[in-house]
Amino acid sequence: MMASARLAALIFLATTVAPLLPAADARAEETQRAVLVTGASTGIGRLIAERLAADGHFVYAGARKPADIAALSAIENIQGVRLDVTVQHDIDAAVKLVEAGGRGLHAVVNNAGVNVLAPLIEIDEDELDFLFDVNIYGPYRITKAFAPQIIKSQGRIVNISSISGTLSGPLYGIYAMSKHALEAYTDSLAIEMDILGVKVIGVEPGNYKTNIFHNRCDRMMARGYSAEGSRFEEFVAPRVEQCKNRPVDTDPEPHQVAEAVAHALFDDKPKEHYLVVPEQRQAGWTIGKALEEVVRLNEGHEFSYSRDELVEMLDEELSPSSP
C-alpha cells in the first residue's frame with residue numbers, strides 16, 4: 001500500500017517536472033567526491049566528517065567556533081567552514097566557498113541539531129523558535145542553498161533525524177516535534193528530488209554519545225531553569241539535578257551512525273531510512289511505536305482493514321521487490 005502510494009507520487013511528478021532533469025553526463029564519477037557536513041565540530045557530525053575523510057572523500061565540515069574550524073582543517077581531506085545553519089550570510093558564504101573549490105558537491109549531510117527539554121504547556125515560545133530554527137529551518141536553508149550543486153552532480157542529501165522522529169515522551173515533546181517534522185520533510189523531499197536524479201535519505205540514530213546533552217544543560221542552567229512551581233515537578237526535578245551534576249555520558253560512540261551515513265552517501269542502492277541504535281530495546285521502542293500507530297489508525301472506523309489484510313500489506317512492504 002505504501003509502496004503503491006510512493007509509486008503514484010513518482011509517476012505524477014515525472015509527468016510534470018521530468019524536463020527539469022539534468023543532462024545524463026552530469027553524474028560523471030570523480031576521483032574524490034566532496035561532501036558538506038553541518039554541525040561537524042563534535043559528536044556525530046565530527047565522526048561522520050572524520051570517517052568520510054579517512055575513506056578518501058573531501059569534506060567541507062561546518063562549525064561555528066574558530067578553534068573548531070581550525071581543528072577540523074588540520075585533518076587531511078577536511079576543510080573547516082564557518083557555518084551556522086541559522087545565519088543566511090554564513091550559508092551564502094559557504095555556497096560560494098564550495099563553488100570556488102572546484103570539486104563540485106556530491107552530497108550534503110544535515111547533521112546540526114539542538115535539544116531543549118521542558119513541559120509543553122510551560123515552555124517559553126522563544127525556546128521553540130530556537131530549536132526549530134536549527135532542527136527544521138536549518139536543513140531547509142542548507143538544502144535549498146546547495147540544491148543547485150547537488151542537482152548538477154545528481155548526488156545525495158542525508159538528513160540526520162532521530163528515533164524521536166517516531167517516539168515522544170514527557171519533557172521531550174518539542175524535540176520530538178522537530179524530528180517528526182524532519183521525517184516528513186525528508187520523505188516529501190525524497191519524492192521531489194528523485195525526479196531530479198537526487199537521492200534523499202533519513203538516518204535515525206538512537207542514544208549515542210554526543211554533546212547535545214551537555215549543550216542542552218548549559219542552556220537550561222544559563223536560563224535559570226528550575227523545577228520550582230512546575231506542574232510537572234516529578235519529571236523536571238531529576239532532569240535539573242542531572243544537569244547540575246553533569247554525569248559522564250556512558251552511551252557508546254556513534255561509529256555505527258557514521259557507518260550508516262557512509263553507506264547512504266556512496267552505496268549504489270542506499271536505503272530510504274537507516275534506523276541505527278546501539279541496543280535491541282531501542283529498536284523495540286521505535287518499531288513498536290510505529291506498529292502501535294498503525295493499529296490505532298486502523299481500529300474502529302468504517303474503512304478499517306482486517307488482521308489478514310494488514311499482514312498482507314506488511315508482507316508487501318517486506319517483499320524484496322518493494323521500493
# chains A, B, ... in the order shown; residues from 1 in each chain; ligands from 1

$ residues_around --residues "range 277-285 of chain A" --least-positions-apart "3" --cutoff "7 Å" --atoms "only C-alpha atoms" --output "mmCIF file with C-alpha atoms, in the first residue's frame"
data_model
loop_
_atom_site.group_PDB
_atom_site.id
_atom_site.type_symbol
_atom_site.label_atom_id
_atom_site.label_comp_id
_atom_site.auth_asym_id
_atom_site.auth_seq_id
_atom_site.Cartn_x
_atom_site.Cartn_y
_atom_site.Cartn_z
ATOM 1 C CA PRO A 205 20.076 7.342 15.475
ATOM 2 C CA GLY A 206 19.237 6.103 18.935
ATOM 3 C CA ASN A 207 21.133 7.091 22.077
ATOM 4 C CA GLY A 288 6.798 -0.970 18.430
ATOM 5 C CA LYS A 289 5.597 2.644 18.461
#

$ select_by_dssp --residues "range 177-239 of chain A" --states "strand (DSSP E)" --output "PyMOL selection string"
chain A and resi 199-205

$ write_last_selection --atoms "C-alpha atoms" --output "compact mmCIF listing (two decimals), in the first residue's frame"
# COMPACT_ATOMS: atom_id res chain seq x y z
CA LYS A 199 18.51 10.61 -3.55
CA VAL A 200 17.33 11.87 -0.15
CA ILE A 201 17.87 9.61 2.83
CA GLY A 202 16.98 9.74 6.51
CA VAL A 203 19.23 8.41 9.28
CA GLU A 204 17.53 7.84 12.65
CA PRO A 205 20.08 7.34 15.47

$ closest_atom_pairs --of "range 113-232 of chain A" --to "range 85-106 of chain A" --cutoff "9 Å" --atoms "only C-alpha atoms" --output "CSV"
residue,atom,partner,partner_atom,distance
A:Asp133,CA,A:Thr86,CA,6.2
A:Val134,CA,A:Thr86,CA,6.1
A:Tyr137,CA,A:Thr86,CA,7.5
A:Gly138,CA,A:Val85,CA,4.8
A:Pro139,CA,A:Val85,CA,7.6
A:Arg141,CA,A:Val85,CA,7.2
A:Ile142,CA,A:Ile91,CA,6.8
A:Ala145,CA,A:Val95,CA,7.0
A:Phe146,CA,A:Val95,CA,6.5
A:Gln149,CA,A:Leu105,CA,5.9
A:Ile150,CA,A:Leu105,CA,6.0
A:Lys152,CA,A:Gly104,CA,8.4
A:Ser153,CA,A:His106,CA,5.9
A:Gln154,CA,A:His106,CA,7.4
A:Gly155,CA,A:His106,CA,4.7
A:Arg156,CA,A:His106,CA,6.4
A:Ile157,CA,A:His106,CA,8.7

$ write_last_selection --atoms "C-alpha atoms" --output "compact mmCIF listing (two decimals), in the first residue's frame"
# COMPACT_ATOMS: atom_id res chain seq x y z
CA ASP A 133 15.45 27.40 13.80
CA VAL A 134 18.23 24.82 13.99
CA TYR A 137 14.79 25.63 9.25
CA GLY A 138 18.48 24.67 9.29
CA PRO A 139 18.11 21.63 6.97
CA ARG A 141 18.04 26.52 4.42
CA ILE A 142 21.08 24.34 3.74
CA ALA A 145 21.05 26.79 -0.84
CA PHE A 146 23.09 23.81 -2.04
CA GLN A 149 25.11 21.93 -6.84
CA ILE A 150 23.57 18.64 -5.69
CA LYS A 152 24.19 19.18 -11.00
CA SER A 153 26.09 16.21 -9.57
CA GLN A 154 22.90 14.14 -9.18
CA GLY A 155 24.16 13.46 -5.70
CA ARG A 156 22.60 12.83 -2.33
CA ILE A 157 21.11 14.55 0.70

$ closest_atom_pairs --of "range 112-168 of chain A" --to "range 257-261 of chain A" --cutoff "12 Å" --atoms "only C-alpha atoms" --output "tab-separated table"
residue	atom	partner	partner_atom	distance
A:Arg156	CA	A:Val261	CA	10.8
A:Ile157	CA	A:Val261	CA	10.2
A:Val158	CA	A:Val261	CA	7.4
A:Asn159	CA	A:Val261	CA	9.4
A:Ile160	CA	A:Val261	CA	8.8
A:Ser161	CA	A:Val257	CA	11.0
A:Ser162	CA	A:Val257	CA	10.8

$ select_by_dssp --residues "range 115-270 of chain A" --states "helix (DSSP H, G or I)" --output "MDAnalysis selection string"
chainID A and resid 125:135 137:153 163:165 173:194 212:222 233:245 255:266

$ residues_around --residues "range 38-52 of chain A" --least-positions-apart "4" --cutoff "7 Å" --atoms "only C-alpha atoms" --output "PyMOL selection string"
chain A and resi 56-57+59+61-63+68+109-112+209-211+254-255+258+262

$ atom_distance --atom1 "CA of Leu72 in chain A" --atom2 "CA of Ala53 in chain A"
10.6 Å

$ atom_distance --atom1 "CA of Leu117 in chain A" --atom2 "CA of Tyr225 in chain A"
10.1 Å
